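Peer 1: Just one file: query30.txt, with compact mmCIF, C-alpha atoms and all ligand atoms.
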# COMPACT_ATOMS: atom_id res chain seq x y z
CA MET A 1 6.12 11.98 6.79
CA ARG A 2 4.04 14.62 8.54
CA CYS A 3 4.33 15.23 12.25
CA PRO A 4 1.10 13.99 13.89
CA PHE A 5 1.21 16.92 16.32
CA CYS A 6 1.93 19.98 14.16
CA GLN A 7 1.69 18.57 10.58
CA GLN A 8 5.16 19.78 9.58
CA SER A 9 7.02 17.37 7.34
CA GLU A 10 10.59 18.10 8.49
CA ASN A 11 11.81 15.51 10.96
CA ARG A 12 14.84 13.43 11.75
CA VAL A 13 15.29 9.80 12.66
CA VAL A 14 16.54 9.44 16.23
CA ASP A 15 16.44 5.66 16.40
CA SER A 16 16.10 2.85 13.87
CA ARG A 17 15.80 -0.86 14.55
CA LEU A 18 14.39 -4.12 13.25
CA ALA A 19 10.92 -5.05 14.44
CA ARG A 20 8.35 -7.79 13.95
CA GLU A 21 10.95 -10.55 13.61
CA GLY A 22 12.93 -8.59 11.07
CA ARG A 23 9.97 -8.00 8.79
CA ALA A 24 9.79 -4.32 9.56
CA ILE A 25 12.02 -1.41 10.39
CA ARG A 26 10.86 0.76 13.24
CA ARG A 27 11.97 4.37 13.16
CA ARG A 28 11.65 6.80 16.00
CA ARG A 29 11.39 10.30 14.58
CA GLN A 30 11.61 13.75 16.04
CA CYS A 31 9.83 16.70 14.50
CA GLU A 32 12.14 19.60 13.68
CA ALA A 33 9.38 22.11 14.31
CA CYS A 34 7.77 21.03 17.59
CA SER A 35 10.26 18.37 18.78
CA GLY A 36 7.37 15.91 19.10
CA ARG A 37 8.40 12.27 18.76
CA PHE A 38 6.56 9.63 16.79
CA THR A 39 7.19 6.18 15.35
CA THR A 40 6.99 4.92 11.78
CA TYR A 41 7.27 1.40 10.42
CA GLU A 42 8.64 0.35 7.09
CA VAL A 43 7.35 -2.98 5.78
CA VAL A 44 7.39 -4.85 2.49
CA GLU A 45 4.22 -4.11 0.61
CA GLU A 46 2.20 -7.28 0.54
CA THR A 47 -0.41 -8.30 -1.94
CA MET A 48 -3.75 -7.96 -0.30
CA ILE A 49 -5.63 -11.07 0.70
CA ASP A 50 -9.28 -10.71 1.71
CA VAL A 51 -10.74 -12.52 4.67
CA GLU A 52 -14.44 -13.28 4.40
CA LYS A 53 -15.99 -13.25 7.82
CA ARG A 54 -18.94 -15.26 9.06
CA ASP A 55 -21.27 -12.26 8.83
CA GLY A 56 -20.46 -11.88 5.12
CA GLN A 57 -18.24 -8.83 5.59
CA SER A 58 -14.67 -8.98 4.45
CA GLU A 59 -11.49 -7.39 5.71
CA PRO A 60 -7.85 -7.44 4.59
CA PHE A 61 -5.83 -10.36 5.94
CA ASP A 62 -3.72 -9.13 8.82
CA PRO A 63 -0.88 -11.56 9.58
CA GLU A 64 0.04 -9.62 12.73
CA LYS A 65 -3.47 -9.98 14.08
CA LEU A 66 -3.49 -13.70 13.38
CA LEU A 67 -0.08 -14.08 15.00
CA ARG A 68 -1.28 -12.22 18.09
CA SER A 69 -4.24 -14.56 18.52
CA ILE A 70 -1.99 -17.61 18.18
CA ARG A 71 0.57 -16.16 20.60
CA LEU A 72 -2.19 -15.60 23.12
CA ALA A 73 -3.16 -19.26 22.91
CA CYS A 74 0.51 -20.28 23.29
CA LYS A 75 1.18 -18.02 26.26
CA LYS A 76 3.51 -19.64 28.81
CA ARG A 77 3.72 -22.80 26.72
CA PRO A 78 7.15 -24.14 25.69
CA ILE A 79 6.79 -22.97 22.08
CA GLY A 80 9.33 -20.82 20.28
CA THR A 81 7.92 -17.62 18.78
CA ALA A 82 9.76 -18.41 15.55
CA ALA A 83 7.61 -21.51 15.00
CA LEU A 84 4.50 -19.34 15.22
CA SER A 85 5.66 -16.61 12.87
CA ASP A 86 6.96 -19.28 10.46
CA PHE A 87 3.50 -20.82 10.40
CA VAL A 88 1.84 -17.46 9.67
CA ASP A 89 4.44 -16.72 6.97
CA ARG A 90 3.83 -20.08 5.30
CA LEU A 91 0.08 -19.64 5.50
CA GLU A 92 0.31 -16.17 4.00
CA SER A 93 2.53 -17.36 1.13
CA LYS A 94 0.09 -20.16 0.42
CA LEU A 95 -2.87 -17.78 0.36
CA ALA A 96 -1.01 -15.36 -1.91
CA THR A 97 -0.77 -18.03 -4.62
CA ARG A 98 -4.55 -18.32 -4.83
CA PRO A 99 -5.97 -16.79 -7.97
CA LYS A 100 -8.76 -15.07 -6.06
CA ARG A 101 -6.79 -14.14 -2.93
CA VAL A 102 -9.77 -14.78 -0.71
CA VAL A 103 -9.92 -16.90 2.41
CA SER A 104 -12.80 -17.46 4.82
CA SER A 105 -12.26 -16.75 8.49
CA LYS A 106 -13.37 -20.33 9.15
CA GLU A 107 -10.62 -21.64 6.90
CA LEU A 108 -8.04 -19.50 8.71
CA GLY A 109 -9.26 -20.70 12.09
CA ASP A 110 -9.20 -24.31 10.95
CA ALA A 111 -5.65 -23.97 9.63
CA VAL A 112 -4.52 -22.61 13.00
CA MET A 113 -6.35 -25.40 14.83
CA VAL A 114 -4.63 -28.09 12.74
CA PHE A 115 -1.26 -26.43 13.33
CA LEU A 116 -1.75 -26.09 17.09
CA ARG A 117 -3.20 -29.56 17.46
CA ASP A 118 0.10 -31.01 16.26
CA LEU A 119 2.17 -28.49 18.20
CA ASP A 120 0.76 -28.24 21.70
CA PRO A 121 -2.47 -29.68 23.16
CA VAL A 122 -2.95 -26.90 25.70
CA ALA A 123 -2.52 -24.12 23.12
CA TYR A 124 -4.86 -26.02 20.83
CA VAL A 125 -7.63 -26.26 23.42
CA ARG A 126 -7.20 -22.59 24.34
CA TYR A 127 -7.41 -21.47 20.72
CA ALA A 128 -10.33 -23.77 19.99
CA SER A 129 -12.32 -22.50 22.96
CA VAL A 130 -11.92 -18.87 21.87
CA TYR A 131 -12.26 -19.42 18.15
CA ARG A 132 -15.22 -21.77 18.26
CA SER A 133 -16.84 -20.21 21.32
CA PHE A 134 -18.49 -23.47 22.21
CA ALA A 135 -21.99 -23.38 23.62
CA SER A 136 -21.32 -26.29 25.95
CA VAL A 137 -18.64 -28.64 27.18
CA ASP A 138 -20.33 -31.41 25.19
CA ALA A 139 -20.08 -29.45 21.95
CA PHE A 140 -16.44 -28.82 22.67
CA MET A 141 -15.69 -32.49 23.39
CA ARG A 142 -17.40 -33.52 20.15
CA GLU A 143 -15.28 -31.04 18.19
CA LEU A 144 -12.16 -32.25 19.97
CA ALA A 145 -13.01 -35.83 19.00
CA THR A 146 -13.42 -35.00 15.30
CA PHE A 147 -10.14 -33.13 15.28
CA SER A 148 -8.21 -35.85 17.08
CA ALA A 149 -9.61 -38.46 14.70
CA ARG A 150 -8.32 -36.61 11.67
CA PRO A 151 -4.87 -37.46 10.42
CA SER A 152 -2.55 -34.50 10.80
CA GLY A 153 -2.05 -32.15 7.89
CA GLU A 154 -5.29 -33.12 6.22
CA PRO A 155 -7.54 -30.20 5.43
CA SER A 156 -10.61 -29.95 7.60
CA GLU A 157 -13.90 -30.97 6.10
CA GLY A 158 -16.36 -28.38 4.97
CA SER A 159 -13.79 -25.64 4.49
CA GLU A 160 -15.16 -22.84 2.38
CA GLY A 161 -13.74 -21.23 -0.72
CA GLY A 162 -12.32 -24.47 -2.05
CA ASP A 163 -12.18 -23.31 -5.63
CA GLY A 164 -8.87 -21.96 -6.69
CA GLU A 165 -7.04 -23.97 -4.11
CA ARG A 166 -3.81 -25.16 -5.69
ZN ZN A 201 5.75 18.68 14.98
Taking this structure as input, can you express it in the form of structure tokens?
Ligand SMILES: [Zn+2]

Peer 2:
Amino acid sequence: MRCPFCQQSENRVVDSRLAREGRAIRRRRQCEACSGRFTTYEVVEETMIDVEKRDGQSEPFDPEKLLRSIRLACKKRPIGTAALSDFVDRLESKLATRPKRVVSSKELGDAVMVFLRDLDPVAYVRYASVYRSFASVDAFMRELATFSARPSGEPSEGSEGGDGER
């Protein structure tokens, strides 16, 4: 691993600890040449899953990013962080079994909404308001009504990329 300051590759680990709920090892390193300190992460290599965004672009699925957005919605709510990372882990495992390894951003958002709806109403409303960016209170209330009417665990209607699902 090259030093980001002087590009020398000789360095030593000064600290090593678990990070990201035990899914990564964080290492603090010190360059032998310039004594500059930097951090590296070791993670299990995951099979890439592509997220198709609304604008037609796609990007690699980033479980950390998804987890961050859910955590934000759950801020100061009585929800254990383990429940959230478990959800993202389960979702990721499910997506990895798809033959095409593609998911639409809408499908991801819907999955989070269904999860939060059953978990915590406040977190659900927070996530929904950011994710859907409703044009009006009326639009939001209509959406809320359709979601509440749906039995829990049932996939949302109109989800994209249905082929290859289980
Ligand atoms: Zn250096």

Peer 1: Show me which residues sit within 12 Å of ligand ZN 201 (chain A) when counting all atoms listed in the file, and put them as a PyMOL selection string.

Peer 2: chain A and resi 1-12+29-38

Peer 1: Considering only C-alpha atoms, can you say which of A:Leu18, A:Val88, A:Val51, A:Val103 comes closest to A:Arg68?

Peer 2: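 Among the listed residues, the smallest separation from A:Arg68 belongs to A:Val88.
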
Peer 1: Could you check which of A:Ala145, A:Leu84, A:Ala128, A:Ala73 is closest to A:Lys106, using only C-alpha atoms?

Peer 2: A:Ala128

Peer 1: Neighbours of A:Glu92 within 9 Å (all atoms listed in the file; same-chain residues fewer than 6 positions away dropped), as a list in words?

Peer 2: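 What passes the distance filter is Ile49, Phe61 and Pro63 of chain A.
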
Peer 1: Using all atoms listed in the file for the distances, tell me which of A:Glu21, A:Gln57, A:Leu95, A:Val43 is nearest to A:Ala83.

Peer 2: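 Ranking A:Glu21, A:Gln57, A:Leu95, A:Val43 by distance to A:Ala83, first place goes to A:Glu21.
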
Peer 1: Quick one: distance from atom CA of A:Arg20 to atom CA of A:Pro60 in Å, one decimal?

Peer 2: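 Between atom CA of A:Arg20 and atom CA of A:Pro60 the gap works out to 18.7 Å.
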
Peer 1: I'd like to know which of A:Val130, A:Pro121, A:Asp15, A:Gly22 is closest to A:Ala82, using all atoms listed in the file.

Peer 2: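 Of the candidates, the smallest distance to A:Ala82 is held by A:Gly22.
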
Peer 1: Between A:Phe87, A:Ile25, A:Arg17, A:Glu42, which has the minimum distance to A:Leu116 (counting all atoms listed in the file)?

Peer 2: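 So, comparing all the options, the nearest one is A:Phe87.
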
Peer 1: Please indicate the distance in Å from atom CA of A:Val44 to atom CA of A:Ala24, rounded to one decimal place.

Peer 2: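 Taking atom CA of A:Val44 and atom CA of A:Ala24, their separation equals 7.5 Å.
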
Peer 1: Can you pull out the residues contacting A:Leu72? Cut-off 12 Å, using only C-alpha atoms, and skip same-chain residues under 2 positions away; I want them as a ChimeraX atom specification.

Peer 2: /A:65-70,74-77,79,81,84,122-128,130-131

Peer 1: From the options A:Met48, A:Met113, A:Gly80, A:Met141, which residue's atoms come nearest to A:Thr97, counting all atoms listed in the file?

Peer 2: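 Among the listed residues, the smallest separation from A:Thr97 belongs to A:Met48.
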
Peer 1: Excluding A:Glu52 and residues on its chain fewer than 6 positions from it, collect all residues at most 8 Å away from it, counting all atoms listed in the file, and give them as a ChimeraX atom specification.

Peer 2: /A:58-59,102-105

Peer 1: Work out how far atom CA of A:Arg101 is from atom CA of A:Asp120, in Å to one decimal.

Peer 2: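 Going from atom CA of A:Asp120 over to atom CA of A:Arg101 covers 29.4 Å.
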